[in-house]
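One file, work-v2.txt, is given below (compact mmCIF, C-alpha atoms and all ligand atoms).
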# COMPACT_ATOMS: atom_id res chain seq x y z
CA MET T 30 99.11 106.13 93.34
CA THR T 31 97.44 103.09 91.76
CA CYS T 32 93.74 102.41 92.31
CA PRO T 33 93.16 99.07 94.09
CA LEU T 34 89.84 98.65 92.27
CA CYS T 35 90.50 99.55 88.60
CA SER T 36 94.32 99.89 88.51
CA SER T 37 94.23 103.46 87.18
CA SER T 38 97.46 105.28 88.02
CA ALA T 39 95.82 108.73 87.91
CA CYS T 40 94.66 108.75 91.57
CA ARG T 41 95.36 111.93 93.49
CA GLU T 42 95.19 112.91 97.13
CA ASN T 43 91.73 114.31 97.77
CA TYR T 44 91.70 114.82 101.51
CA ARG T 45 93.89 114.40 104.57
CA MET T 46 92.95 113.95 108.21
CA ASN T 47 95.50 113.45 111.01
CA LYS T 48 98.17 112.26 108.55
CA ARG T 49 95.68 109.78 107.06
CA ARG T 50 95.49 110.43 103.33
CA PHE T 51 92.47 109.71 101.13
CA PHE T 52 93.06 109.27 97.40
CA LEU T 53 90.37 109.64 94.75
CA CYS T 54 90.43 107.53 91.61
CA PRO T 55 89.11 109.68 88.74
CA ALA T 56 88.51 106.58 86.62
CA CYS T 57 86.19 104.54 88.89
CA GLY T 58 85.32 106.93 91.74
CA LEU T 59 86.81 104.86 94.57
CA ILE T 60 88.26 106.85 97.48
CA PHE T 61 90.88 104.89 99.38
CA VAL T 62 93.47 105.17 102.13
CA PRO T 63 96.84 103.92 100.84
CA ALA T 64 98.47 100.94 102.59
CA GLU T 65 101.16 103.18 104.17
CA ASP T 66 98.44 104.98 106.13
CA HIS T 67 96.54 101.90 107.34
CA LEU T 68 96.40 101.05 111.05
CA SER T 69 98.68 98.24 112.15
CA PRO T 70 96.85 94.89 112.57
CA GLU T 71 97.23 95.29 116.37
CA GLU T 72 95.70 98.78 116.34
CA GLU T 73 92.90 97.51 114.14
CA LEU T 74 92.00 94.64 116.50
CA LEU T 75 92.07 97.03 119.45
CA ARG T 76 89.67 99.34 117.62
CA TYR T 77 87.27 96.44 116.89
CA ALA T 78 87.38 95.36 120.53
CA LEU T 79 85.71 98.67 121.38
CA HIS T 80 82.69 97.86 119.18
CA ASP T 81 79.75 96.22 120.93
CA ASN T 82 79.03 93.46 118.42
CA THR T 83 77.73 90.83 120.79
CA PRO T 84 74.69 88.75 119.72
CA GLY T 85 72.59 89.97 122.65
CA HIS T 86 72.93 93.63 121.76
CA GLU T 87 69.42 94.77 120.81
CA GLY T 88 70.47 97.60 118.47
CA TYR T 89 72.87 95.34 116.66
CA ASN T 90 70.17 92.74 115.98
CA ARG T 91 67.91 95.52 114.73
CA TYR T 92 70.75 96.65 112.49
CA PHE T 93 70.75 93.21 110.87
CA ALA T 94 66.96 93.09 110.35
CA GLU T 95 67.12 95.10 107.11
CA LEU T 96 69.91 92.95 105.70
CA MET T 97 68.06 89.77 106.74
CA GLN T 98 64.99 91.01 104.84
CA VAL T 99 67.04 91.52 101.67
CA ILE T 100 68.35 87.97 101.97
CA ILE T 101 64.87 86.53 102.62
CA ASP T 102 63.42 88.51 99.67
CA ARG T 103 66.01 87.00 97.30
CA GLY T 104 64.39 83.60 97.82
CA PRO T 105 65.86 80.30 98.93
CA ALA T 106 69.64 80.16 99.11
CA GLY T 107 71.78 77.05 99.25
CA ALA T 108 75.11 77.58 100.91
CA ILE T 109 75.77 81.04 102.36
CA LEU T 110 79.10 82.50 103.42
CA ASP T 111 79.23 85.31 106.01
CA PHE T 112 82.44 86.85 104.70
CA GLY T 113 84.14 88.88 107.44
CA SER T 114 81.67 87.71 110.06
CA GLY T 115 83.27 89.45 113.02
CA ARG T 116 84.21 87.78 116.26
CA SER T 117 80.63 86.94 117.30
CA ALA T 118 79.37 86.01 113.79
CA VAL T 119 75.95 87.48 114.63
CA LEU T 120 74.57 87.33 111.07
CA THR T 121 75.62 83.66 110.72
CA GLY T 122 73.73 82.90 113.94
CA LEU T 123 70.60 84.79 112.82
CA LEU T 124 70.58 83.08 109.40
CA ASN T 125 71.11 79.61 110.78
CA TYR T 126 68.32 80.25 113.31
CA ARG T 127 66.06 81.07 110.34
CA GLY T 128 66.93 77.73 108.74
CA TYR T 129 69.59 78.89 106.29
CA SER T 130 72.91 77.12 105.93
CA CYS T 131 75.44 79.83 106.68
CA THR T 132 79.16 79.52 107.40
CA ALA T 133 81.18 82.24 109.13
CA TYR T 134 84.55 83.37 107.82
CA ASP T 135 86.77 85.92 109.51
CA PRO T 136 90.54 85.43 109.25
CA LEU T 137 91.12 88.26 111.74
CA TYR T 138 89.70 86.02 114.47
CA GLY T 139 90.73 82.67 112.98
CA ILE T 140 87.08 81.84 112.21
CA GLY T 141 86.35 79.43 109.35
CA ILE T 142 89.78 79.60 107.77
CA ASP T 143 88.92 76.52 105.63
CA ALA T 144 85.51 77.98 104.68
CA VAL T 145 87.03 79.71 101.65
CA ASP T 146 88.04 76.34 100.19
CA ALA T 147 84.35 75.76 99.35
CA THR T 148 81.99 77.66 97.02
CA TYR T 149 78.68 79.34 97.88
CA ASP T 150 75.37 80.41 96.36
CA ARG T 151 75.33 83.62 98.34
CA VAL T 152 78.25 85.49 99.83
CA ILE T 153 77.44 88.29 102.27
CA LEU T 154 79.79 91.13 103.22
CA SER T 155 78.10 93.24 105.88
CA GLU T 156 80.23 96.38 106.31
CA VAL T 157 83.37 94.50 105.37
CA ILE T 158 84.51 95.84 102.00
CA GLU T 159 85.33 99.28 103.48
CA HIS T 160 87.79 97.56 105.86
CA VAL T 161 89.76 95.29 103.54
CA ARG T 162 93.45 96.12 103.23
CA ASP T 163 94.07 94.09 100.09
CA LEU T 164 91.15 94.94 97.82
CA PRO T 165 92.49 93.17 94.67
CA GLY T 166 93.25 90.03 96.73
CA GLU T 167 89.81 89.98 98.35
CA ILE T 168 88.09 90.52 94.96
CA THR T 169 89.97 87.49 93.63
CA LEU T 170 88.92 85.48 96.70
CA LEU T 171 85.28 86.59 96.28
CA GLY T 172 85.36 85.42 92.67
CA LYS T 173 86.71 82.07 93.83
CA VAL T 174 84.17 81.38 96.60
CA THR T 175 81.06 82.54 94.69
CA ARG T 176 79.45 79.94 92.43
CA PRO T 177 78.85 81.06 88.80
CA SER T 178 75.12 81.48 89.47
CA GLY T 179 75.78 82.93 92.92
CA GLU T 180 75.09 86.40 94.31
CA ILE T 181 77.17 88.67 96.47
CA VAL T 182 75.34 90.87 98.98
CA MET T 183 77.42 93.93 99.80
CA ARG T 184 76.62 96.32 102.60
CA THR T 185 78.66 99.52 102.79
CA LYS T 186 77.86 103.23 102.95
CA ILE T 187 78.11 105.14 99.66
CA TYR T 188 79.92 108.47 100.06
CA PRO T 189 77.71 111.52 99.44
CA SER T 190 79.93 113.30 96.87
CA VAL T 191 83.61 114.14 96.46
CA GLU T 192 82.82 117.71 97.55
CA ASP T 193 81.04 116.56 100.72
CA PHE T 194 83.51 113.80 101.61
CA ALA T 195 85.38 115.98 104.14
CA GLY T 196 82.24 116.32 106.29
CA TRP T 197 81.17 112.68 106.04
CA TRP T 198 81.35 110.75 109.35
CA TYR T 199 81.96 107.31 107.82
CA LYS T 200 85.53 108.24 106.82
CA ASN T 201 86.40 109.06 110.47
CA ASP T 202 86.49 105.37 111.46
CA THR T 203 90.22 104.66 111.18
CA THR T 204 89.54 101.02 110.22
CA HIS T 205 87.71 102.16 107.06
CA VAL T 206 90.03 102.33 104.04
CA ASN T 207 87.78 101.89 100.95
CA PHE T 208 84.90 104.24 100.16
CA PHE T 209 82.54 103.57 97.27
CA SER T 210 80.45 105.75 94.98
CA HIS T 211 77.61 104.13 93.01
CA GLY T 212 79.94 104.06 90.00
CA ALA T 213 82.70 102.35 91.99
CA MET T 214 80.17 99.75 93.18
CA GLU T 215 79.26 99.05 89.54
CA ILE T 216 82.96 98.66 88.66
CA LEU T 217 83.36 96.24 91.59
CA ALA T 218 80.38 94.22 90.37
CA GLY T 219 81.83 94.20 86.85
CA ARG T 220 85.16 92.89 88.11
CA LEU T 221 83.21 90.00 89.60
CA GLY T 222 81.28 89.42 86.35
CA ARG T 223 78.11 90.78 87.93
CA ILE T 224 75.71 93.70 87.91
CA ALA T 225 75.06 95.77 91.03
CA GLU T 226 71.46 96.24 92.08
CA MET T 227 70.73 98.61 94.96
CA THR T 228 68.15 97.19 97.38
CA ALA T 229 68.65 99.77 100.16
CA PRO T 230 70.82 102.93 100.26
CA ASP T 231 73.69 100.86 101.69
CA ILE T 232 72.87 97.33 100.47
CA PHE T 233 73.75 96.08 96.99
CA VAL T 234 73.15 92.68 95.42
CA LEU T 235 75.82 91.77 92.87
CA ALA T 236 74.09 89.25 90.62
CA PRO T 237 75.04 87.53 87.35
CA PRO T 238 73.70 89.39 84.28
ZN ZN I 301 89.81 103.20 90.15
Show me, as C-alpha cells, the structure contained in the file I just sent.
Ligand SMILES: [Zn+2]
Amino acid sequence: MTCPLCSSSACRENYRMNKRRFFLCPACGLIFVPAEDHLSPEEELLRYALHDNTPGHEGYNRYFAELMQVIIDRGPAGAILDFGSGRSAVLTGLLNYRGYSCTAYDPLYGIGIDAVDATYDRVILSEVIEHVRDLPGEITLLGKVTRPSGEIVMRTKIYPSVEDFAGWWYKNDTTHVNFFSHGAMEILAGRLGRIAEMTAPDIFVLAPP
C-alpha cells in the first residue's frame, strides 16, 4: 500500500475496525484508510447531514473562537480562503464579520467552485485534511491556491501514538481517513514548501521558511 503523503510503499495495516482498515506509513507516520474502504460520497453526505454545523449553534461558534484567535494573532491577512468550508461556511461568516476578506470553498456542496482559480494570502482548513479522499490531489491544489508568501492554517487532531491509536475516538468518525502525527504534519508542510508551527494542540500554521 502506497502512502498518499510521502509515496512510501512500505505501509502496513496497523488496525482494523468493522472492515475499515487503517494503514501506517513507517516513513512519514501518516495513518490512513485506503480508498477501497472509504464511505461512498452519498454515505459521506448523509453522515455530514447529522452534524449540527449551523451558524447559530453556540458550541460551534465557541469551537471557532480558538481558531479565530490564531488567525487574528497572525496579523492582517489579505485574501483568505476557507478551504472545505462546510455547508454553512460558519468560519467564512465569522471572519467577514470581523472585517476580513474570506471566500468559502466546498466542492461537496457546490460552494465557491471558482474560488480555487484565485490565489490567497491565507488558506484555512478547519478539520478538513482528515476527510480528504485524494490527499496528493488536494496538496497540489493547496500549493496552487496559496501565494508564495502565504500561510496555510491547518486544524486537525494529532493521534496520540501508534500504540494508543486503537483507543482513540477521532478514528471512529467514518468520514475521517487521514490521521497525522507531528512528524507527518512536518512532512505535509515540507511538501508545500513550508514549515509547520504548532499554535494549539490541534492547530498548525504552515508558513514559508
Ligand atoms: Zn508516508
*Nearest candidate to Ala147 in chain T (options T:Gln98, T:Ser178, T:Ser210, T:Thr132; using all atoms listed in the file)*: T:Thr132
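Closest to Gly113 in chain T among T:Asp231, T:Glu95, T:Glu156, T:Asp150 is T:Glu156, based on all atoms listed in the file.
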*asked:* Counting all atoms listed in the file, what are the residues, protein, DNA or RNA alike, that approach ligand ZN 301 (chain I) to within 9 Å? I want them as a PyMOL selection string.
replied: chain T and resi 31-40+53-60+213+216
Counting all atoms listed in the file, which residues of range 96-161 of chain T fall within 10 Å of range 71-80 of chain T, and what is the closest atom pair for each with its distance in Å at one decimal, ordered by chain and rising number, as a Markdown table?
| residue | atom | partner | partner_atom | distance |
| --- | --- | --- | --- | --- |
| T:Gly115 | CA | T:Tyr77 | CA | 8.9 |
| T:Arg116 | CA | T:Tyr77 | CA | 9.2 |
| T:Leu137 | CA | T:Leu74 | CA | 8.0 |
| T:Tyr138 | CA | T:Leu74 | CA | 9.1 |
| T:His160 | CA | T:Glu73 | CA | 9.7 |
*Identify, on the basis of only C-alpha atoms, every residue whose closest approach to Ala218 in chain T does not exceed 9 Å; exclude the query and any residue fewer than 4 positions from it along the same chain; express the result as a ChimeraX atom specification.*
/T:181,213-214,222-225,234-236
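CA of Leu164 in chain T is positioned 27.8 Å from CA of Asn90 in chain T.
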*CA of Asn207 in chain T to CA of Phe61 in chain T: how many Å, to one decimal?*
4.6 Å
*Determine the nearest neighbour of Ile109 in chain T from the options T:Gly179, T:Gly172, T:Gly212, T:Gly166, counting only C-alpha atoms.*
T:Gly179
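A straight line drawn from CA of Phe208 in chain T to CA of Phe52 in chain T is 10.0 Å long.
Residues with any atom within 10 Å of Val62 in chain T, counting only C-alpha atoms and excluding same-chain neighbours fewer than 4 positions away, are T:Glu42, T:Tyr44, T:Arg45, T:Arg49, T:Arg50, T:Phe51, T:Phe52, T:Leu53, T:Asp66, T:His67, T:Arg162, T:Lys200, T:Thr203, T:Thr204, T:His205, T:Val206, T:Asn207, T:Phe208.
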Grab all the atoms of range 175-180 of chain T that the file lists, wrap them in a box along x, y and z, add 3 Å per side, and give me centre plus edge lengths in Å (one decimal) as lines of an AutoDock Vina configuration file.
center_x = 78.1
center_y = 83.2
center_z = 91.7
size_x = 12.0
size_y = 12.5
size_z = 11.9
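Checking T:Arg151, T:Arg91, T:Arg176, T:His211 one by one against Phe112 in chain T, counting only C-alpha atoms, you find the shortest gap at T:Arg151.
Checking T:Met97, T:Val152, T:Leu217, T:Ala133 one by one against Pro165 in chain T, counting only C-alpha atoms, you find the shortest gap at T:Leu217.
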*Select, from T:Trp197, T:Ser190, T:Leu124, T:Ile100, the residue with the minimum atom-to-atom distance to Ile232 in chain T, counting all atoms listed in the file.*
T:Ile100
*List the neighbours of Lys173 in chain T out to 9 Å using all atoms listed in the file; skip same-chain residues closer than 2 positions along the sequence, and give me the result as number ranges by chain.*
T: 145-148, 168-171, 175-176
_Surrounding residues of Leu96 in chain T excluding itself and chain neighbours under 3 positions, 10 Å, only C-alpha atoms, as a PyMOL selection string_ = chain T and resi 91-93+99-102+120+153+155+182-184+228-229+231-232
